[in-house]
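Visitor: This is the content of run_28.cif (mmCIF, C-alpha atoms and all ligand atoms):
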data_coords
#
loop_
_atom_site.label_atom_id
_atom_site.label_comp_id
_atom_site.auth_asym_id
_atom_site.auth_seq_id
_atom_site.Cartn_x
_atom_site.Cartn_y
_atom_site.Cartn_z
CA MET A 1 109.13 116.22 94.35
CA LYS A 2 111.06 113.60 96.30
CA LYS A 3 110.08 113.42 99.95
CA CYS A 4 112.77 113.45 102.64
CA LEU A 5 113.23 110.15 104.42
CA GLU A 6 112.28 111.63 107.79
CA LEU A 7 108.79 112.35 106.43
CA VAL A 8 108.56 108.83 105.02
CA ASN A 9 109.61 107.24 108.31
CA ASN A 10 107.13 109.35 110.21
CA ALA A 11 104.38 108.29 107.80
CA ILE A 12 105.24 104.58 108.16
CA ASN A 13 104.75 104.80 111.91
CA ASN A 14 101.09 105.58 111.35
CA PHE A 15 100.31 102.33 109.54
CA GLN A 16 99.56 98.93 111.01
CA VAL A 17 102.72 97.23 109.78
CA GLU A 18 104.00 93.99 111.23
CA GLY A 19 107.40 94.07 112.89
CA THR A 20 109.78 96.98 113.27
CA PRO A 21 110.58 99.19 110.27
CA ARG A 22 114.28 98.84 109.44
CA GLY A 23 114.45 101.38 106.65
CA CYS A 24 113.07 102.57 103.35
CA ILE A 25 114.44 103.44 99.91
CA PRO A 26 112.97 105.22 96.87
CA TYR A 27 111.54 102.64 94.50
CA GLY A 28 110.23 102.10 90.93
CA ASN A 29 110.10 104.20 87.77
CA GLY A 30 106.70 105.87 88.04
CA HIS A 31 106.31 109.43 86.73
CA ILE A 32 103.73 110.59 89.25
CA ASN A 33 103.84 109.41 92.86
CA ASP A 34 106.77 109.12 95.26
CA THR A 35 107.21 105.43 95.98
CA PHE A 36 109.35 103.81 98.70
CA TYR A 37 110.19 100.23 99.54
CA VAL A 38 109.99 99.44 103.26
CA VAL A 39 111.46 96.47 105.13
CA CYS A 40 110.33 95.51 108.63
CA ASP A 41 112.05 93.03 110.93
CA LEU A 42 109.92 90.38 112.58
CA LYS A 43 110.73 88.95 116.02
CA ASP A 44 111.38 85.48 114.54
CA GLY A 45 114.23 86.86 112.44
CA ASN A 46 112.24 87.05 109.20
CA GLU A 47 111.37 90.25 107.38
CA ILE A 48 108.25 91.65 105.78
CA LYS A 49 108.13 94.17 102.95
CA TYR A 50 105.78 97.00 102.08
CA ILE A 51 105.35 99.82 99.60
CA ILE A 52 104.58 103.30 100.87
CA GLN A 53 103.63 106.11 98.51
CA SER A 54 102.87 109.76 98.81
CA ILE A 55 100.13 110.67 96.37
CA ASN A 56 100.98 113.47 93.95
CA THR A 57 98.41 116.06 94.95
CA LEU A 58 99.23 118.36 92.03
CA VAL A 59 97.95 115.57 89.78
CA PHE A 60 95.28 114.11 92.06
CA LYS A 61 93.52 117.12 93.54
CA THR A 62 91.23 115.03 95.75
CA PRO A 63 93.32 112.20 97.20
CA GLU A 64 90.38 111.12 99.38
CA HIS A 65 88.52 110.26 96.19
CA VAL A 66 91.49 108.30 94.84
CA MET A 67 91.62 106.26 98.03
CA HIS A 68 87.86 105.75 98.06
CA ASN A 69 88.07 104.25 94.54
CA ILE A 70 91.05 102.06 95.38
CA GLU A 71 89.45 100.69 98.53
CA LYS A 72 86.16 99.92 96.75
CA VAL A 73 87.85 98.27 93.79
CA THR A 74 90.37 96.22 95.78
CA ASP A 75 87.66 95.01 98.21
CA PHE A 76 85.58 93.95 95.22
CA LEU A 77 88.49 92.15 93.56
CA ILE A 78 89.65 90.44 96.78
CA ALA A 79 86.13 89.04 97.26
CA LYS A 80 86.45 87.44 93.81
CA ASN A 81 90.01 86.21 94.24
CA PRO A 82 91.45 85.84 97.74
CA ASP A 83 94.99 84.98 96.51
CA ARG A 84 97.28 87.44 98.34
CA ARG A 85 99.24 88.43 95.27
CA SER A 86 96.34 88.76 92.83
CA VAL A 87 95.12 92.14 94.11
CA LEU A 88 96.87 95.17 95.63
CA ARG A 89 96.27 95.10 99.39
CA LEU A 90 96.05 98.29 101.39
CA ILE A 91 97.46 98.54 104.90
CA LYS A 92 95.22 100.57 107.20
CA THR A 93 96.42 103.28 109.58
CA TYR A 94 96.01 102.90 113.35
CA ASN A 95 92.89 105.07 112.96
CA GLY A 96 91.45 102.57 110.50
CA ASN A 97 91.89 104.84 107.46
CA THR A 98 93.32 103.94 104.07
CA TYR A 99 95.60 106.99 104.06
CA TYR A 100 97.53 109.22 106.44
CA LYS A 101 97.78 112.98 105.99
CA ASP A 102 100.97 114.41 107.51
CA ARG A 103 101.51 117.86 108.99
CA LYS A 104 102.78 119.18 105.65
CA GLY A 105 99.63 118.05 103.87
CA ASN A 106 101.17 115.00 102.14
CA TYR A 107 98.86 112.05 101.68
CA TRP A 108 100.42 108.62 102.30
CA ARG A 109 99.16 105.14 101.62
CA MET A 110 100.71 101.77 102.13
CA TYR A 111 100.43 98.43 100.36
CA GLU A 112 101.66 94.94 101.00
CA PHE A 113 104.70 94.37 98.83
CA ILE A 114 103.91 91.86 96.10
CA ASN A 115 106.55 89.26 96.83
CA ASN A 116 108.46 87.18 94.34
CA SER A 117 107.22 89.25 91.43
CA VAL A 118 108.70 91.14 88.49
CA CYS A 119 107.58 94.51 87.21
CA LEU A 120 108.98 95.24 83.75
CA ASP A 121 109.69 98.49 81.96
CA GLN A 122 109.99 96.61 78.69
CA PRO A 123 108.90 93.05 77.91
CA GLU A 124 111.82 90.62 77.88
CA SER A 125 109.94 88.13 75.70
CA LEU A 126 106.71 87.78 73.73
CA GLU A 127 105.38 85.56 76.52
CA ASP A 128 106.03 88.28 79.15
CA PHE A 129 104.02 90.75 77.12
CA TYR A 130 101.27 88.18 76.62
CA GLN A 131 101.07 87.72 80.40
CA CYS A 132 100.89 91.48 81.04
CA ALA A 133 98.04 91.61 78.53
CA VAL A 134 96.25 88.78 80.35
CA ALA A 135 96.60 90.73 83.62
CA PHE A 136 95.00 93.87 82.13
CA GLY A 137 92.36 91.84 80.28
CA ARG A 138 91.36 89.98 83.46
CA PHE A 139 91.17 93.28 85.29
CA GLN A 140 88.69 94.46 82.66
CA ARG A 141 86.75 91.19 82.92
CA ASP A 142 86.66 91.21 86.75
CA LEU A 143 85.38 94.77 86.89
CA SER A 144 82.65 94.20 84.31
CA THR A 145 80.11 93.80 87.15
CA PHE A 146 81.55 96.56 89.33
CA PRO A 147 79.12 99.45 89.96
CA ALA A 148 80.76 102.23 87.93
CA ASP A 149 78.63 104.94 89.53
CA SER A 150 80.31 104.28 92.90
CA LEU A 151 83.60 105.65 91.49
CA TYR A 152 84.82 109.22 91.57
CA GLU A 153 86.46 110.75 88.50
CA THR A 154 89.93 111.20 90.02
CA ILE A 155 91.24 113.29 87.11
CA ALA A 156 88.57 115.06 85.11
CA ASP A 157 88.66 114.30 81.37
CA PHE A 158 91.69 112.05 81.80
CA HIS A 159 91.39 110.35 78.39
CA ASN A 160 89.11 112.91 76.80
CA THR A 161 91.43 113.47 73.83
CA PRO A 162 89.51 116.42 72.29
CA LYS A 163 89.81 118.19 75.66
CA ARG A 164 93.49 117.24 75.87
CA TYR A 165 93.91 118.76 72.41
CA GLN A 166 92.28 122.03 73.54
CA ASP A 167 94.62 122.10 76.56
CA PHE A 168 97.55 121.50 74.23
CA LEU A 169 96.48 124.38 71.93
CA LYS A 170 96.24 126.64 74.98
CA ALA A 171 99.77 125.67 76.05
CA VAL A 172 101.01 126.48 72.53
CA GLU A 173 99.16 129.79 72.53
CA GLU A 174 100.45 130.83 75.96
CA ASP A 175 103.98 129.54 75.30
CA LYS A 176 104.96 130.36 78.89
CA CYS A 177 108.61 129.34 78.53
CA ASP A 178 109.18 130.66 74.99
CA ARG A 179 109.79 127.12 73.74
CA ALA A 180 107.17 126.87 70.98
CA LYS A 181 109.44 128.33 68.29
CA ASP A 182 111.73 125.27 68.55
CA VAL A 183 108.99 122.64 68.31
CA GLN A 184 106.97 123.75 65.30
CA ASP A 185 107.24 120.38 63.52
CA GLU A 186 105.84 118.58 66.54
CA ILE A 187 103.05 121.14 66.98
CA ASN A 188 102.08 120.81 63.31
CA PHE A 189 102.12 117.01 63.48
CA ILE A 190 99.57 117.12 66.30
CA LYS A 191 97.42 119.80 64.61
CA GLU A 192 97.32 117.89 61.31
CA ARG A 193 95.57 114.96 63.02
CA SER A 194 92.85 116.95 64.84
CA ASP A 195 90.03 115.17 62.95
CA PHE A 196 91.01 111.93 64.63
CA TYR A 197 90.66 112.97 68.26
CA SER A 198 86.90 112.58 68.74
CA ILE A 199 86.61 109.16 67.11
CA LEU A 200 86.34 107.11 70.34
CA ILE A 201 83.90 109.50 71.98
CA ASP A 202 81.80 109.54 68.79
CA SER A 203 81.89 105.74 68.62
CA CYS A 204 80.65 105.63 72.21
CA LYS A 205 77.74 107.94 71.34
CA GLU A 206 76.92 105.68 68.37
CA GLY A 207 76.78 102.60 70.64
CA LYS A 208 79.88 100.97 69.13
CA LEU A 209 82.10 101.46 72.17
CA PRO A 210 80.63 100.74 75.63
CA LEU A 211 81.62 102.80 78.64
CA ARG A 212 83.22 100.40 81.13
CA VAL A 213 85.31 100.56 84.29
CA SER A 214 88.87 100.85 83.07
CA HIS A 215 92.35 101.21 84.52
CA ASN A 216 93.42 104.10 82.28
CA ASP A 217 97.19 103.81 82.90
CA THR A 218 98.19 100.42 81.53
CA LYS A 219 101.93 100.74 81.09
CA ILE A 220 103.46 97.32 81.59
CA ASN A 221 105.23 98.55 84.72
CA ASN A 222 101.74 98.80 86.19
CA SER A 223 101.35 95.01 86.01
CA MET A 224 103.15 92.29 87.93
CA LEU A 225 104.28 88.80 86.87
CA ASP A 226 105.32 85.91 89.09
CA LYS A 227 109.10 85.81 89.25
CA ASP A 228 109.36 82.01 88.86
CA THR A 229 106.51 81.13 86.49
CA ARG A 230 106.42 84.55 84.72
CA LYS A 231 102.61 84.25 84.74
CA ALA A 232 100.27 87.24 85.25
CA LEU A 233 99.77 88.10 88.91
CA CYS A 234 97.96 91.41 89.13
CA VAL A 235 97.55 95.01 88.09
CA ILE A 236 98.84 97.91 90.23
CA ASP A 237 98.74 101.74 90.14
CA LEU A 238 94.99 102.01 90.62
CA ASP A 239 94.80 105.82 90.93
CA THR A 240 93.07 106.36 87.62
CA ILE A 241 90.41 103.66 87.73
CA MET A 242 87.36 105.40 86.36
CA PRO A 243 84.64 104.85 83.82
CA GLY A 244 86.40 104.65 80.45
CA PHE A 245 87.04 102.51 77.38
CA SER A 246 88.59 99.04 77.13
CA VAL A 247 90.40 100.10 73.96
CA THR A 248 92.29 102.85 75.73
CA ASP A 249 93.53 100.30 78.27
CA PHE A 250 94.63 98.14 75.35
CA GLY A 251 96.05 101.15 73.53
CA ASP A 252 98.11 102.61 76.34
CA ALA A 253 99.80 99.25 76.89
CA ILE A 254 100.67 99.07 73.18
CA ARG A 255 101.95 102.64 73.23
CA PHE A 256 104.38 101.81 75.98
CA GLY A 257 105.16 98.12 75.56
CA ALA A 258 105.08 97.47 71.80
CA ASN A 259 107.52 100.29 71.18
CA THR A 260 110.94 98.79 70.33
CA ALA A 261 112.56 101.64 72.28
CA ALA A 262 112.04 103.29 75.64
CA GLU A 263 109.46 106.05 76.01
CA ASP A 264 112.35 108.50 76.41
CA GLU A 265 114.74 107.13 73.78
CA ASN A 266 116.79 109.94 72.32
CA ASP A 267 117.56 108.18 69.04
CA ILE A 268 114.24 108.34 67.23
CA SER A 269 115.35 105.80 64.60
CA LYS A 270 115.13 103.11 67.30
CA VAL A 271 111.41 103.76 67.82
CA LYS A 272 109.32 101.22 65.92
CA LEU A 273 106.01 99.47 66.43
CA ASP A 274 106.78 95.79 66.99
CA MET A 275 103.93 93.97 65.21
CA GLN A 276 104.64 90.68 66.96
CA LEU A 277 104.23 92.43 70.29
CA PHE A 278 101.07 94.14 69.03
CA GLU A 279 99.60 90.81 67.97
CA ILE A 280 100.51 88.92 71.15
CA PHE A 281 99.15 91.70 73.35
CA ALA A 282 95.86 91.75 71.43
CA LYS A 283 95.55 88.01 71.98
CA GLY A 284 96.46 88.18 75.68
CA PHE A 285 94.14 91.11 76.37
CA LEU A 286 91.19 89.42 74.68
CA ASP A 287 92.01 86.08 76.35
CA GLY A 288 91.98 87.89 79.71
CA CYS A 289 88.69 89.67 78.87
CA GLU A 290 87.09 86.27 78.18
CA GLY A 291 84.52 87.38 75.63
CA GLN A 292 83.47 90.62 77.34
CA LEU A 293 84.22 92.87 74.37
CA ILE A 294 81.81 93.35 71.49
CA ASP A 295 82.96 93.17 67.86
CA SER A 296 82.74 96.90 67.13
CA GLU A 297 84.85 97.49 70.24
CA ILE A 298 87.48 94.94 69.17
CA MET A 299 87.67 96.67 65.77
CA LEU A 300 88.48 99.95 67.56
CA MET A 301 91.57 98.54 69.33
CA PRO A 302 93.97 100.06 66.76
CA GLU A 303 92.25 103.44 67.22
CA GLY A 304 92.76 102.99 70.98
CA ALA A 305 96.48 102.44 70.42
CA LYS A 306 96.90 105.45 68.15
CA MET A 307 94.73 107.64 70.39
CA MET A 308 96.72 106.88 73.52
CA THR A 309 99.99 107.47 71.68
CA ILE A 310 99.10 110.83 70.16
CA GLU A 311 97.34 111.91 73.36
CA CYS A 312 100.44 111.10 75.36
CA GLY A 313 102.55 112.93 72.77
CA MET A 314 100.45 116.08 73.16
CA ARG A 315 100.50 115.79 76.96
CA PHE A 316 104.31 115.55 77.00
CA LEU A 317 104.62 118.49 74.61
CA ALA A 318 102.10 120.61 76.53
CA ASP A 319 104.03 119.91 79.72
CA TYR A 320 107.29 120.88 78.00
CA LEU A 321 105.71 124.16 76.86
CA GLU A 322 104.34 124.82 80.34
CA GLY A 323 107.72 124.30 82.01
CA ASP A 324 107.63 120.61 83.04
CA ILE A 325 105.17 120.87 85.87
CA TYR A 326 103.29 117.57 85.57
CA PHE A 327 105.53 114.62 84.63
CA ARG A 328 108.67 113.93 86.62
CA THR A 329 111.65 114.85 84.43
CA ALA A 330 115.37 114.15 84.76
CA TYR A 331 116.66 116.84 82.39
CA LYS A 332 115.45 119.94 80.53
CA GLU A 333 114.35 118.34 77.25
CA HIS A 334 113.01 115.14 78.80
CA ASN A 335 109.36 115.82 77.98
CA LEU A 336 110.26 116.88 74.44
CA VAL A 337 112.23 113.68 73.90
CA ARG A 338 109.25 111.69 75.20
CA CYS A 339 106.91 113.61 72.87
CA ARG A 340 109.11 112.79 69.87
CA THR A 341 109.07 109.06 70.58
CA GLN A 342 105.28 109.16 70.77
CA LEU A 343 104.91 111.02 67.47
CA LYS A 344 107.29 108.64 65.74
CA LEU A 345 105.23 105.75 67.06
CA VAL A 346 102.06 107.34 65.69
CA SER A 347 103.70 107.45 62.23
CA GLU A 348 104.63 103.81 62.61
CA MET A 349 101.03 102.94 63.45
CA GLU A 350 99.76 104.88 60.45
CA GLN A 351 102.09 102.89 58.19
CA ARG A 352 100.91 99.59 59.66
CA TRP A 353 97.23 100.51 59.98
CA GLN A 354 95.75 97.81 57.70
CA GLN A 355 97.88 95.16 59.37
CA MET A 356 96.70 96.23 62.83
CA LYS A 357 93.08 96.15 61.70
CA LYS A 358 93.55 92.69 60.16
CA ILE A 359 95.00 91.32 63.40
CA VAL A 360 92.11 92.46 65.60
CA LYS A 361 89.48 91.39 63.05
CA LYS A 362 90.51 87.77 63.63
CA TYR A 363 89.06 88.01 67.15
CA CYS A 364 85.60 89.27 66.13
CA LYS A 365 82.76 86.79 66.59
CA ASP A 366 81.08 87.69 63.26
P1 LIG B 401 103.33 105.76 89.77
O1 LIG B 401 101.92 106.26 89.75
O2 LIG B 401 104.29 106.81 90.15
O3 LIG B 401 103.67 105.07 88.49
P2 LIG B 401 103.10 103.09 90.96
O4 LIG B 401 101.93 102.81 91.89
O5 LIG B 401 103.00 102.54 89.59
O6 LIG B 401 103.38 104.66 90.95
O7 LIG B 401 104.40 102.51 91.67
C1 LIG B 401 105.69 102.71 91.12
C2 LIG B 401 106.43 101.39 91.05
O8 LIG B 401 106.55 100.80 92.37
C3 LIG B 401 105.75 100.31 90.21
O9 LIG B 401 106.06 100.43 88.85
C4 LIG B 401 106.32 99.03 90.84
O10 LIG B 401 107.62 98.77 90.35
C5 LIG B 401 106.46 99.39 92.30
N1 LIG B 401 105.31 98.95 93.12
C6 LIG B 401 104.17 99.65 93.38
N2 LIG B 401 103.35 98.96 94.19
C7 LIG B 401 103.96 97.79 94.47
C8 LIG B 401 103.62 96.63 95.28
N3 LIG B 401 102.49 96.58 95.99
N4 LIG B 401 104.51 95.60 95.33
C9 LIG B 401 105.68 95.67 94.64
N5 LIG B 401 106.05 96.72 93.87
C10 LIG B 401 105.22 97.77 93.78
C1 LIG B 402 102.04 108.57 84.00
O1 LIG B 402 101.97 107.11 86.83
P1 LIG B 402 102.63 106.51 85.65
O2 LIG B 402 104.10 106.79 85.55
O3 LIG B 402 102.27 105.04 85.56
C2 LIG B 402 100.67 109.14 83.65
C3 LIG B 402 100.08 108.41 82.45
C4 LIG B 402 101.03 108.55 81.27
C5 LIG B 402 102.39 108.01 81.67
C6 LIG B 402 103.41 108.23 80.58
C7 LIG B 402 98.21 109.86 86.39
O4 LIG B 402 101.90 107.20 84.37
O5 LIG B 402 98.83 108.97 82.11
O6 LIG B 402 100.53 107.82 80.16
O7 LIG B 402 102.89 108.66 82.86
N1 LIG B 402 99.80 109.03 84.80
C8 LIG B 402 99.03 110.07 85.17
O8 LIG B 402 104.51 107.45 80.84
O9 LIG B 402 99.00 111.13 84.56
MG MG B 403 102.92 103.36 87.66
#
Show me the file's structure as structure tokens.
Guide:
Amino acid sequence: MKKCLELVNNAINNFQVEGTPRGCIPYGNGHINDTFYVVCDLKDGNEIKYIIQSINTLVFKTPEHVMHNIEKVTDFLIAKNPDRRSVLRLIKTYNGNTYYKDRKGNYWRMYEFINNSVCLDQPESLEDFYQCAVAFGRFQRDLSTFPADSLYETIADFHNTPKRYQDFLKAVEEDKCDRAKDVQDEINFIKERSDFYSILIDSCKEGKLPLRVSHNDTKINNSMLDKDTRKALCVIDLDTIMPGFSVTDFGDAIRFGANTAAEDENDISKVKLDMQLFEIFAKGFLDGCEGQLIDSEIMLMPEGAKMMTIECGMRFLADYLEGDIYFRTAYKEHNLVRCRTQLKLVSEMEQRWQQMKKIVKKYCKD
């Protein structure tokens, strides 16, 4: 739900910003939080920019835990790399907190604006996508020594696909909005693949897929490139950092960025898996990881891509069946349209499975 500007302005006044706030406007294309761009005037005539966000508390039930994780992780990353634009930087409130809770119960947080950067919804070139991959790979590398047990699970079972599947079946069963009758093909598509959903969790139990600290929401618009050099700057949207799998970070980026069409493209024939983008992202991600991943993990990268795509498909469809309560939507069928692009992409991946496996095999040490 979009917040009124009066609430945003009131929230800004609680943070230790430099200069005088001039105004704020809604910003970005995220599906979850309400994001605003803030400009402040400095006495010397210059300006300074910030991002303020209200955390979606329907999605993140314990915002204090989200902010605890973000503070811990950003402090850790800043200690490794002091460059101002290489890590998200929180602005504290006048009380020294990382968030402000307003009288209506909204939780606000503020970041330095990452200047002279670009944040893409679709890669404009192979090199752009490579650089986004490097950003996510480095994030994985840099957090390899981070104490995972100091993190809260901000959304329980976030990428637990078997659990997501059970939730999806419940949404079908309950059919709260009487929409299931019109989406039988999509429901069947998801049911037909139920054997696949536990493969990553099983691989983890078998020791083939280590549990790591992962980002868990690696759409390319959650990474930033330098506007002039187009090189990787940093990773943003740190709400879902939790223990997880590297291959789901890889996979979610492929799901979103290696699709030749937008996530909500209406014309399904435009949705294809771009193999060049797949290949360049695999290279960039592994270059960024700098040897952290083990061979059995690298071999599961295609499974990560397919898992994130079908999981997202079932999440969009479940939300459609439940009346569009989770993802921000712009029109009635928006979640259904999104689900269809994901399922088409899954079919594309199934057709190109051997090719995907061959690409990642090249990066194995043995
Ligand atoms: P959501 O969880 O809703 O996706 P994000 O944290 O990803 O929210 O923010 C939404 C958008 O706002 C991003 O895609 C990006 O364009 C922009 N953004 C967020 N933080 C910053 C920042 N510190 N500097 C510049 N742009 C930012
Ligand atoms: C949401 O917050 P945003 O827009 O980056 C969602 C992801 C989905 C994605 C689909 C916390 O990401 O899990 O993959 O939409 N984030 C959350 O576009 O649920
Ligand atoms: Mg985002």
Visitor: Could you state the separation of CA of Ala305 (chain A) and CA of Glu174 (chain A) in Å, given to one decimal place?
Guide: 29.2 Å
Visitor: Rounded to one decimal in Å, what is the spacing between CA of Val360 (chain A) and CA of Leu286 (chain A)?
Guide: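 Value for the CA of Val360 (chain A)-CA of Leu286 (chain A) distance: 9.6 Å.
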Visitor: List all protein, DNA and RNA residues that have any atom at most 6 Å from ligand LIG 401 (chain B), counting only C-alpha atoms and all ligand atoms, and write the list as an mmCIF file with C-alpha atoms, keeping the file's coordinate frame.
Guide:
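Ended up saving to out33.cif:
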data_model
loop_
_atom_site.group_PDB
_atom_site.id
_atom_site.type_symbol
_atom_site.label_atom_id
_atom_site.label_comp_id
_atom_site.auth_asym_id
_atom_site.auth_seq_id
_atom_site.Cartn_x
_atom_site.Cartn_y
_atom_site.Cartn_z
ATOM 1 C CA TYR A 27 111.540 102.640 94.500
ATOM 2 C CA GLY A 28 110.230 102.100 90.930
ATOM 3 C CA ASN A 29 110.100 104.200 87.770
ATOM 4 C CA GLY A 30 106.700 105.870 88.040
ATOM 5 C CA HIS A 31 106.310 109.430 86.730
ATOM 6 C CA ILE A 32 103.730 110.590 89.250
ATOM 7 C CA ASN A 33 103.840 109.410 92.860
ATOM 8 C CA THR A 35 107.210 105.430 95.980
ATOM 9 C CA ILE A 51 105.350 99.820 99.600
ATOM 10 C CA LEU A 88 96.870 95.170 95.630
ATOM 11 C CA TYR A 111 100.430 98.430 100.360
ATOM 12 C CA GLU A 112 101.660 94.940 101.000
ATOM 13 C CA PHE A 113 104.700 94.370 98.830
ATOM 14 C CA ILE A 114 103.910 91.860 96.100
ATOM 15 C CA CYS A 119 107.580 94.510 87.210
ATOM 16 C CA ASN A 221 105.230 98.550 84.720
ATOM 17 C CA ASN A 222 101.740 98.800 86.190
ATOM 18 C CA ASP A 237 98.740 101.740 90.140
#
Visitor: Box time for region 245-260 of chain A: axis-aligned, enclosing all its listed atoms, 6 Å extra on each side; report centre and edge lengths in Å to one decimal, as JSON.
Guide:
{"center_x": 99.0, "center_y": 100.2, "center_z": 74.3, "size_x": 35.9, "size_y": 17.4, "size_z": 19.9}
Visitor: Could you give me the residues within 9 Å of ligand LIG 402 (chain B), counting all atoms listed in the file, as a PyMOL selection string?
Guide: chain A and resi 29-33+56+59-60+155+158-159+216-222+237+239-240+252+255-256+263+308-309+311-312+315-316+326-328+338
Visitor: Could you save the residues just selected, with C-alpha atoms, as a compact mmCIF listing (two decimals), keeping the file's coordinate frame?
Guide:
# COMPACT_ATOMS: atom_id res chain seq x y z
CA ASN A 29 110.10 104.20 87.77
CA GLY A 30 106.70 105.87 88.04
CA HIS A 31 106.31 109.43 86.73
CA ILE A 32 103.73 110.59 89.25
CA ASN A 33 103.84 109.41 92.86
CA ASN A 56 100.98 113.47 93.95
CA VAL A 59 97.95 115.57 89.78
CA PHE A 60 95.28 114.11 92.06
CA ILE A 155 91.24 113.29 87.11
CA PHE A 158 91.69 112.05 81.80
CA HIS A 159 91.39 110.35 78.39
CA ASN A 216 93.42 104.10 82.28
CA ASP A 217 97.19 103.81 82.90
CA THR A 218 98.19 100.42 81.53
CA LYS A 219 101.93 100.74 81.09
CA ILE A 220 103.46 97.32 81.59
CA ASN A 221 105.23 98.55 84.72
CA ASN A 222 101.74 98.80 86.19
CA ASP A 237 98.74 101.74 90.14
CA ASP A 239 94.80 105.82 90.93
CA THR A 240 93.07 106.36 87.62
CA ASP A 252 98.11 102.61 76.34
CA ARG A 255 101.95 102.64 73.23
CA PHE A 256 104.38 101.81 75.98
CA GLU A 263 109.46 106.05 76.01
CA MET A 308 96.72 106.88 73.52
CA THR A 309 99.99 107.47 71.68
CA GLU A 311 97.34 111.91 73.36
CA CYS A 312 100.44 111.10 75.36
CA ARG A 315 100.50 115.79 76.96
CA PHE A 316 104.31 115.55 77.00
CA TYR A 326 103.29 117.57 85.57
CA PHE A 327 105.53 114.62 84.63
CA ARG A 328 108.67 113.93 86.62
CA ARG A 338 109.25 111.69 75.20
Visitor: Which residue gives the smallest distance to Leu233 (chain A) among A:Arg84, A:Lys344, A:Lys43, A:Lys170, with only C-alpha atoms counted?
Guide: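 Ranked by minimum distance to Leu233 (chain A), first place goes to A:Arg84.
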Visitor: Please provide the set of residues having any atom within 10 Å of Lys362 (chain A), restricted to all atoms listed in the file, with same-chain residues fewer than 5 positions apart removed, written as a list in words.
Guide: Lys283, Ile298, Met299 and Lys357 of chain A
Visitor: Need to verify the contact set: Ala232 (chain A), 12 Å, all atoms listed in the file, exclusion of same-chain residues closer than 4 positions in sequence. Can you return it as a count of residues only?
Guide: 32
Visitor: Would you work out the distance separating CA of Thr329 (chain A) from CA of Arg193 (chain A), expressed in Å to one decimal?
Guide: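 Computing the Euclidean distance for CA of Thr329 (chain A) and CA of Arg193 (chain A) yields 26.8 Å.
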Visitor: Anything within 9 Å of (96.0, 107.0, 61.9): list those residues as a ChimeraX atom specification, counting all atoms listed in the file and sticking to the file's coordinates.
Guide: /A:193,196,302-303,306-307,346-347,349-351,353
Visitor: Would you be able to write out as a PyMOL selection string which residues have an atom within 10 Å of (113.6, 94.5, 115.2) in the file's coordinates, counting only C-alpha atoms?
Guide: chain A and resi 19-22+40-47
Visitor: Counting all atoms listed in the file, which residue out of A:Asp121, A:Asp75, A:Glu173, A:Asp102 sits closest to ligand MG 403 (chain B)?
Guide: A:Asp121
Visitor: Quick one: residues within 12 Å of Leu5 (chain A), all atoms listed in the file counted, chain neighbours fewer than 2 positions away excluded, as a list in words?
Guide: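 In the requested format, the answer is Lys2, Lys3, Leu7, Val8, Asn9, Asn10, Ala11, Ile12, Gly23, Cys24, Ile25, Pro26, Asp34, Thr35, Phe36, Tyr37, Val38, Ile52, Gln53 and Ser54 of chain A.
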Visitor: Rank A:His215, A:Gln276, A:Ser194, A:Ile310 by their smallest atom-to-atom distance to ligand MG 403 (chain B), using all atoms listed in the file, and report the top residue only.
Guide: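 Looking only at the distances to ligand MG 403 (chain B), the closest residue turns out to be A:His215.
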Visitor: If we count all atoms listed in the file, what is near Ala282 (chain A) at a cut-off of 9 Å, once residues fewer than 5 positions away on the same chain are taken out, given as a list in words?
Guide: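 My list of contacting residues is Tyr130, Ala133, Phe250, Ile254, Leu277, Asp287, Met301, Ile359, Val360 and Tyr363 of chain A.
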Visitor: If you keep C-alpha atoms, can you produce a file of those selected residues as a short mmCIF file (atom, residue, chain, number, x, y, z; two decimals), in the frame of the given file?
Guide:
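Saved the output as result_20.cif:
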data_model
loop_
_atom_site.label_atom_id
_atom_site.label_comp_id
_atom_site.auth_asym_id
_atom_site.auth_seq_id
_atom_site.Cartn_x
_atom_site.Cartn_y
_atom_site.Cartn_z
CA TYR A 130 101.27 88.18 76.62
CA ALA A 133 98.04 91.61 78.53
CA PHE A 250 94.63 98.14 75.35
CA ILE A 254 100.67 99.07 73.18
CA LEU A 277 104.23 92.43 70.29
CA ASP A 287 92.01 86.08 76.35
CA MET A 301 91.57 98.54 69.33
CA ILE A 359 95.00 91.32 63.40
CA VAL A 360 92.11 92.46 65.60
CA TYR A 363 89.06 88.01 67.15
#
Visitor: Determine, counting all atoms listed in the file, which protein, DNA and RNA residues have an atom within 9 Å of an atom of Ile190 (chain A); residues of the same chain fewer than 4 positions away are not included. Present the result as a ChimeraX atom specification.
Guide: /A:165,185-186,194,310,313-314,343
